[in-house]
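**Student:** Quick one, input_22.txt (compact mmCIF, C-alpha atoms):
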```txt
# COMPACT_ATOMS: atom_id res chain seq x y z
CA MET Q 1 -22.04 35.32 -118.58
CA LYS Q 2 -22.73 31.70 -119.51
CA LYS Q 3 -22.65 30.83 -123.22
CA GLU Q 4 -25.65 28.81 -124.36
CA ASN Q 5 -25.26 25.57 -126.24
CA PRO Q 6 -26.00 26.18 -129.98
CA ALA Q 7 -28.04 22.96 -130.11
CA ALA Q 8 -30.34 24.39 -127.42
CA LEU Q 9 -31.06 27.43 -129.59
CA ILE Q 10 -32.53 25.36 -132.38
CA ASN Q 11 -35.53 23.24 -131.82
CA ARG Q 12 -34.50 19.67 -132.66
CA ARG Q 13 -37.66 18.96 -134.62
CA SER Q 14 -37.24 22.11 -136.67
CA ALA Q 15 -33.64 21.16 -137.37
CA TRP Q 16 -34.68 17.67 -138.50
CA LEU Q 17 -37.41 19.14 -140.71
CA LEU Q 18 -35.02 21.71 -142.17
CA LEU Q 19 -32.51 18.96 -142.87
CA VAL Q 20 -35.09 16.90 -144.77
CA VAL Q 21 -36.24 19.97 -146.74
CA ILE Q 22 -32.65 20.80 -147.69
CA VAL Q 23 -32.08 17.25 -148.93
CA LEU Q 24 -35.30 17.35 -150.97
CA ILE Q 25 -34.35 20.70 -152.55
CA ALA Q 26 -30.90 19.40 -153.48
CA LEU Q 27 -32.41 16.24 -154.96
CA ALA Q 28 -34.98 18.25 -156.92
CA THR Q 29 -32.35 20.52 -158.49
CA VAL Q 30 -30.57 17.43 -159.78
CA LEU Q 31 -33.46 15.09 -160.60
CA VAL Q 32 -35.90 17.52 -162.26
CA PRO Q 33 -33.60 18.13 -165.29
CA VAL Q 34 -33.15 14.37 -165.67
CA TRP Q 35 -36.92 13.88 -165.55
CA ILE Q 36 -37.65 16.70 -168.04
CA VAL Q 37 -34.99 15.81 -170.63
CA GLN Q 38 -35.46 12.15 -171.44
CA PRO Q 39 -34.84 10.25 -174.64
CA PHE Q 40 -38.05 9.35 -176.48
CA LYS Q 41 -40.06 11.93 -174.55
CA PRO Q 42 -41.15 15.20 -176.16
CA GLN Q 43 -39.79 18.33 -174.50
CA THR Q 44 -41.17 21.85 -174.43
CA THR Q 45 -39.16 25.03 -174.72
CA ARG Q 46 -40.14 26.03 -171.18
CA GLY Q 47 -39.21 22.61 -169.83
CA LEU Q 48 -35.78 22.80 -171.45
CA GLU Q 49 -35.27 26.31 -170.05
CA ILE Q 50 -36.09 25.06 -166.56
CA SER Q 51 -33.91 22.00 -167.00
CA PHE Q 52 -30.86 23.93 -168.16
CA ALA Q 53 -31.33 26.62 -165.47
CA LEU Q 54 -31.45 23.94 -162.77
CA ARG Q 55 -28.50 22.18 -164.35
CA ARG Q 56 -26.51 25.44 -164.28
CA TRP Q 57 -27.39 26.20 -160.63
CA SER Q 58 -27.31 22.67 -159.20
CA PRO Q 59 -23.55 22.59 -158.37
CA LEU Q 60 -23.85 25.74 -156.22
CA VAL Q 61 -27.22 24.80 -154.69
CA THR Q 62 -26.04 21.32 -153.70
CA LEU Q 63 -22.79 22.66 -152.24
CA ILE Q 64 -24.66 25.21 -150.10
CA ALA Q 65 -27.18 22.53 -149.11
CA LEU Q 66 -24.36 20.20 -148.10
CA ALA Q 67 -22.69 22.90 -145.98
CA VAL Q 68 -25.91 23.82 -144.18
CA ALA Q 69 -26.82 20.15 -143.73
CA LEU Q 70 -23.44 19.40 -142.18
CA LEU Q 71 -23.98 22.24 -139.68
CA LEU Q 72 -27.43 20.88 -138.85
CA VAL Q 73 -26.06 17.35 -138.49
CA GLY Q 74 -23.45 18.69 -136.08
CA LEU Q 75 -26.12 20.42 -134.03
CA VAL Q 76 -28.67 17.61 -134.10
CA GLY Q 77 -26.12 14.82 -133.73
CA ARG Q 78 -24.68 15.99 -130.42
CA GLY Q 79 -26.03 13.92 -127.59
CA SER Q 80 -28.26 11.90 -129.93
CA ARG Q 81 -28.85 8.22 -129.57
CA TRP Q 82 -27.08 5.81 -131.91
CA TRP Q 83 -30.19 5.24 -134.03
CA SER Q 84 -30.61 9.01 -134.55
CA LYS Q 85 -27.02 9.24 -135.73
CA GLY Q 86 -27.65 6.33 -138.09
CA LEU Q 87 -30.72 8.13 -139.45
CA LEU Q 88 -28.63 11.26 -139.98
CA VAL Q 89 -26.17 9.23 -142.04
CA LEU Q 90 -29.03 7.80 -144.12
CA ILE Q 91 -30.44 11.28 -144.70
CA MET Q 92 -27.03 12.59 -145.77
CA LEU Q 93 -26.43 9.85 -148.37
CA PRO Q 94 -28.90 11.24 -150.96
CA LEU Q 95 -27.49 14.72 -150.36
CA LEU Q 96 -23.94 13.52 -150.96
CA ALA Q 97 -25.11 11.66 -154.08
CA SER Q 98 -26.89 14.73 -155.46
CA THR Q 99 -23.84 16.91 -154.72
CA TRP Q 100 -21.71 14.52 -156.77
CA PHE Q 101 -24.32 14.08 -159.52
CA ALA Q 102 -24.71 17.88 -159.92
CA ARG Q 103 -21.12 17.94 -161.16
CA GLN Q 104 -21.67 15.28 -163.83
CA ASN Q 105 -22.99 15.86 -167.34
CA HIS Q 106 -25.89 13.43 -167.37
CA PHE Q 107 -27.07 14.75 -170.75
CA GLU Q 108 -24.01 13.11 -172.30
CA TRP Q 109 -24.95 9.85 -170.57
CA MET Q 110 -28.46 9.97 -172.04
CA PHE Q 111 -27.62 11.13 -175.55
CA ASN Q 112 -24.62 9.27 -176.89
CA PRO Q 113 -23.57 10.13 -180.44
CA LEU Q 114 -23.34 7.30 -182.92
CA ALA Q 115 -19.63 6.51 -182.96
CA ASN Q 116 -19.41 4.12 -185.90
CA THR Q 117 -22.05 5.19 -188.34
CA ALA Q 118 -22.76 3.08 -191.39
CA TYR Q 119 -24.21 4.67 -194.47
CA ALA Q 120 -26.29 3.32 -197.32
CA LYS Q 121 -27.29 4.82 -200.64
CA SER Q 122 -30.90 5.91 -200.71
CA ASN Q 123 -31.96 3.11 -203.06
CA GLU Q 124 -30.29 0.53 -200.76
CA ALA Q 125 -31.77 1.84 -197.49
CA ALA Q 126 -34.60 -0.64 -197.03
CA PHE Q 127 -35.02 0.38 -193.38
CA VAL Q 128 -36.32 3.84 -194.37
CA GLY Q 129 -39.96 4.01 -195.41
CA GLU Q 130 -41.39 6.49 -197.89
CA ASN Q 131 -43.25 8.32 -195.13
CA ASP Q 132 -40.33 8.41 -192.67
CA MET Q 133 -39.09 11.86 -191.71
CA VAL Q 134 -35.40 12.54 -192.25
CA LEU Q 135 -32.94 15.26 -191.37
CA ALA Q 136 -31.28 16.33 -194.60
CA VAL Q 137 -27.97 18.13 -195.02
CA GLU Q 138 -26.44 19.31 -198.29
CA ILE Q 139 -22.97 20.84 -198.52
CA LYS Q 140 -20.98 21.32 -201.75
CA ASP Q 141 -23.18 19.06 -203.88
CA GLU Q 142 -23.09 16.22 -201.36
CA ALA Q 143 -26.39 15.39 -199.67
CA VAL Q 144 -27.11 13.05 -196.76
CA ALA Q 145 -30.26 12.17 -194.84
CA TYR Q 146 -30.59 10.86 -191.31
CA PRO Q 147 -33.86 9.08 -190.45
CA VAL Q 148 -35.49 10.77 -187.44
CA ARG Q 149 -36.75 7.39 -186.21
CA LEU Q 150 -33.14 6.18 -185.90
CA MET Q 151 -31.83 9.44 -184.46
CA ALA Q 152 -34.49 9.54 -181.73
CA TYR Q 153 -32.26 7.55 -179.37
CA HIS Q 154 -28.81 8.98 -180.02
CA HIS Q 155 -29.91 12.51 -180.96
CA LEU Q 156 -26.45 13.13 -182.44
CA VAL Q 157 -24.50 11.86 -185.40
CA GLN Q 158 -21.01 13.00 -186.34
CA ASP Q 159 -20.35 13.02 -190.05
CA THR Q 160 -18.44 14.72 -192.84
CA VAL Q 161 -20.56 16.15 -195.63
CA GLY Q 162 -18.97 17.82 -198.63
CA GLY Q 163 -15.62 17.73 -196.84
CA THR Q 164 -17.03 19.63 -193.83
CA PRO Q 165 -17.22 17.92 -190.42
CA ILE Q 166 -20.73 18.29 -188.96
CA VAL Q 167 -22.80 17.16 -186.01
CA ALA Q 168 -26.43 16.53 -186.93
CA THR Q 169 -28.72 16.64 -183.95
CA TYR Q 170 -32.36 15.91 -183.29
```
Do you think you could lay out the structure here as structure tokens?

**Tutor:**
Amino acid sequence: MKKENPAALINRRSAWLLLVVIVLIALATVLVPVWIVQPFKPQTTRGLEISFALRRWSPLVTLIALAVALLLVGLVGRGSRWWSKGLLVLIMLPLLASTWFARQNHFEWMFNPLANTAYAKSNEAAFVGENDMVLAVEIKDEAVAYPVRLMAYHHLVQDTVGGTPIVATY
């Protein structure tokens, strides 16, 4: 009994389409959380839930996508012309990038804590207006306030208040 070529079993167009869909799914699992959670953009509870769920699943999804895509590339690439093989390489590049990016913590890249904070007494803080919102912390009779307008970029500040190390976040 003659064994059929696996490439003959799969329609080439279907394989190409499946390959593109797999790459788009992998990209979406990585890029949607980046798009939802942006500095200076309001977020919703549902959006954050989706973002963190995709962030949690993206390493596995991209790894499976890469494995399936490599199988498809092997099937589609056999006997293909040089320009088809070049196109396969170009299609695989975003998939490889998303597989790498899924293993990075891009939230840390976007929200860097203030490393060298400088503090001013309330009567010396000319940069804070009377109507500015602040995050206030009081521990053991020591009180501090962090202007929301200034925290909007960094979202985190490390400090010690009343002898207790804290991280204030917005």

**Student:** Could you name the residues that touch Q:Trp100 at 9 Å or less, counting only C-alpha atoms, but leaving out those on the same chain fewer than 4 positions away, as a list in words?

**Tutor:**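 Close residues of Q:Trp100: Pro59, Thr62, Leu95, Leu96 and Gln104 of chain Q.
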
**Student:** I need the residues from that last selection saved to file as a tab-separated table (two decimals), in the coordinates of the input (with C-alpha atoms), if you can.

**Tutor:**
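Below is the file result.tsv, written as the result:
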```tsv
chain	number	residue	atom	x	y	z
Q	59	PRO	CA	-23.55	22.59	-158.37
Q	62	THR	CA	-26.04	21.32	-153.70
Q	95	LEU	CA	-27.49	14.72	-150.36
Q	96	LEU	CA	-23.94	13.52	-150.96
Q	104	GLN	CA	-21.67	15.28	-163.83
```

**Student:** Neighbouring residues of Q:Arg12 were defined as those with any atom within 12 Å, considering all atoms listed in the file; residues of the same chain fewer than 6 positions away were excluded. Please report them as JSON, numbers by chain.

**Tutor:** {"Q": [6, 18, 19, 72, 73, 74, 75, 76, 77, 78, 79, 80, 84]}

**Student:** When you look at Q:Met92 with a cut-off of 9 Å (counting only C-alpha atoms), what residues show up, excluding the ones that are within fewer than 2 positions of it in the same chain? I need them as a PyMOL selection string.

**Tutor:** chain Q and resi 19+23+66+69-70+73+87-90+94-97

**Student:** Which residues are near Q:Gly129? Cut-off 12 Å, all atoms listed in the file, ignore same chain within fewer than 4 positions. Put them as a VMD selection string.

**Tutor:** chain Q and resid 122 to 125 133 to 134 147 to 150

**Student:** Could the residues in this selection be written to a file with C-alpha atoms, as a compact mmCIF listing (two decimals), in the coordinates of the input?

**Tutor:**
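Once written, part-v5.txt looks like this:
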```
# COMPACT_ATOMS: atom_id res chain seq x y z
CA SER Q 122 -30.90 5.91 -200.71
CA ASN Q 123 -31.96 3.11 -203.06
CA GLU Q 124 -30.29 0.53 -200.76
CA ALA Q 125 -31.77 1.84 -197.49
CA MET Q 133 -39.09 11.86 -191.71
CA VAL Q 134 -35.40 12.54 -192.25
CA PRO Q 147 -33.86 9.08 -190.45
CA VAL Q 148 -35.49 10.77 -187.44
CA ARG Q 149 -36.75 7.39 -186.21
CA LEU Q 150 -33.14 6.18 -185.90
```

**Student:** Hey, can you check how far atom CA of Q:Val20 sits from atom CA of Q:Val32?

**Tutor:**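 If I compute the distance from atom CA of Q:Val20 to atom CA of Q:Val32, I get 17.5 Å.
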
**Student:** Between atom CA of Q:Pro165 and atom CA of Q:Trp109, what is the distance, to one decimal in Å?

**Tutor:** 22.8 Å

**Student:** At a cut-off of 12 Å, using only C-alpha atoms, what residues contact Q:Asp141? Leave out same-chain residues fewer than 5 positions from it and give the result as a PDB file with C-alpha atoms, keeping the file's coordinate frame.

**Tutor:**
```
ATOM      1  CA  VAL Q 161     -20.560  16.150-195.630  1.00  0.00           C
ATOM      2  CA  GLY Q 162     -18.970  17.820-198.630  1.00  0.00           C
ATOM      3  CA  GLY Q 163     -15.620  17.730-196.840  1.00  0.00           C
ATOM      4  CA  THR Q 164     -17.030  19.630-193.830  1.00  0.00           C
TER       5      THR Q 164
END
```

**Student:** Between atom CA of Q:Val128 and atom CA of Q:Thr45, measure the distance and give it in Å to one decimal.

**Tutor:**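 Going from atom CA of Q:Val128 over to atom CA of Q:Thr45 covers 29.0 Å.
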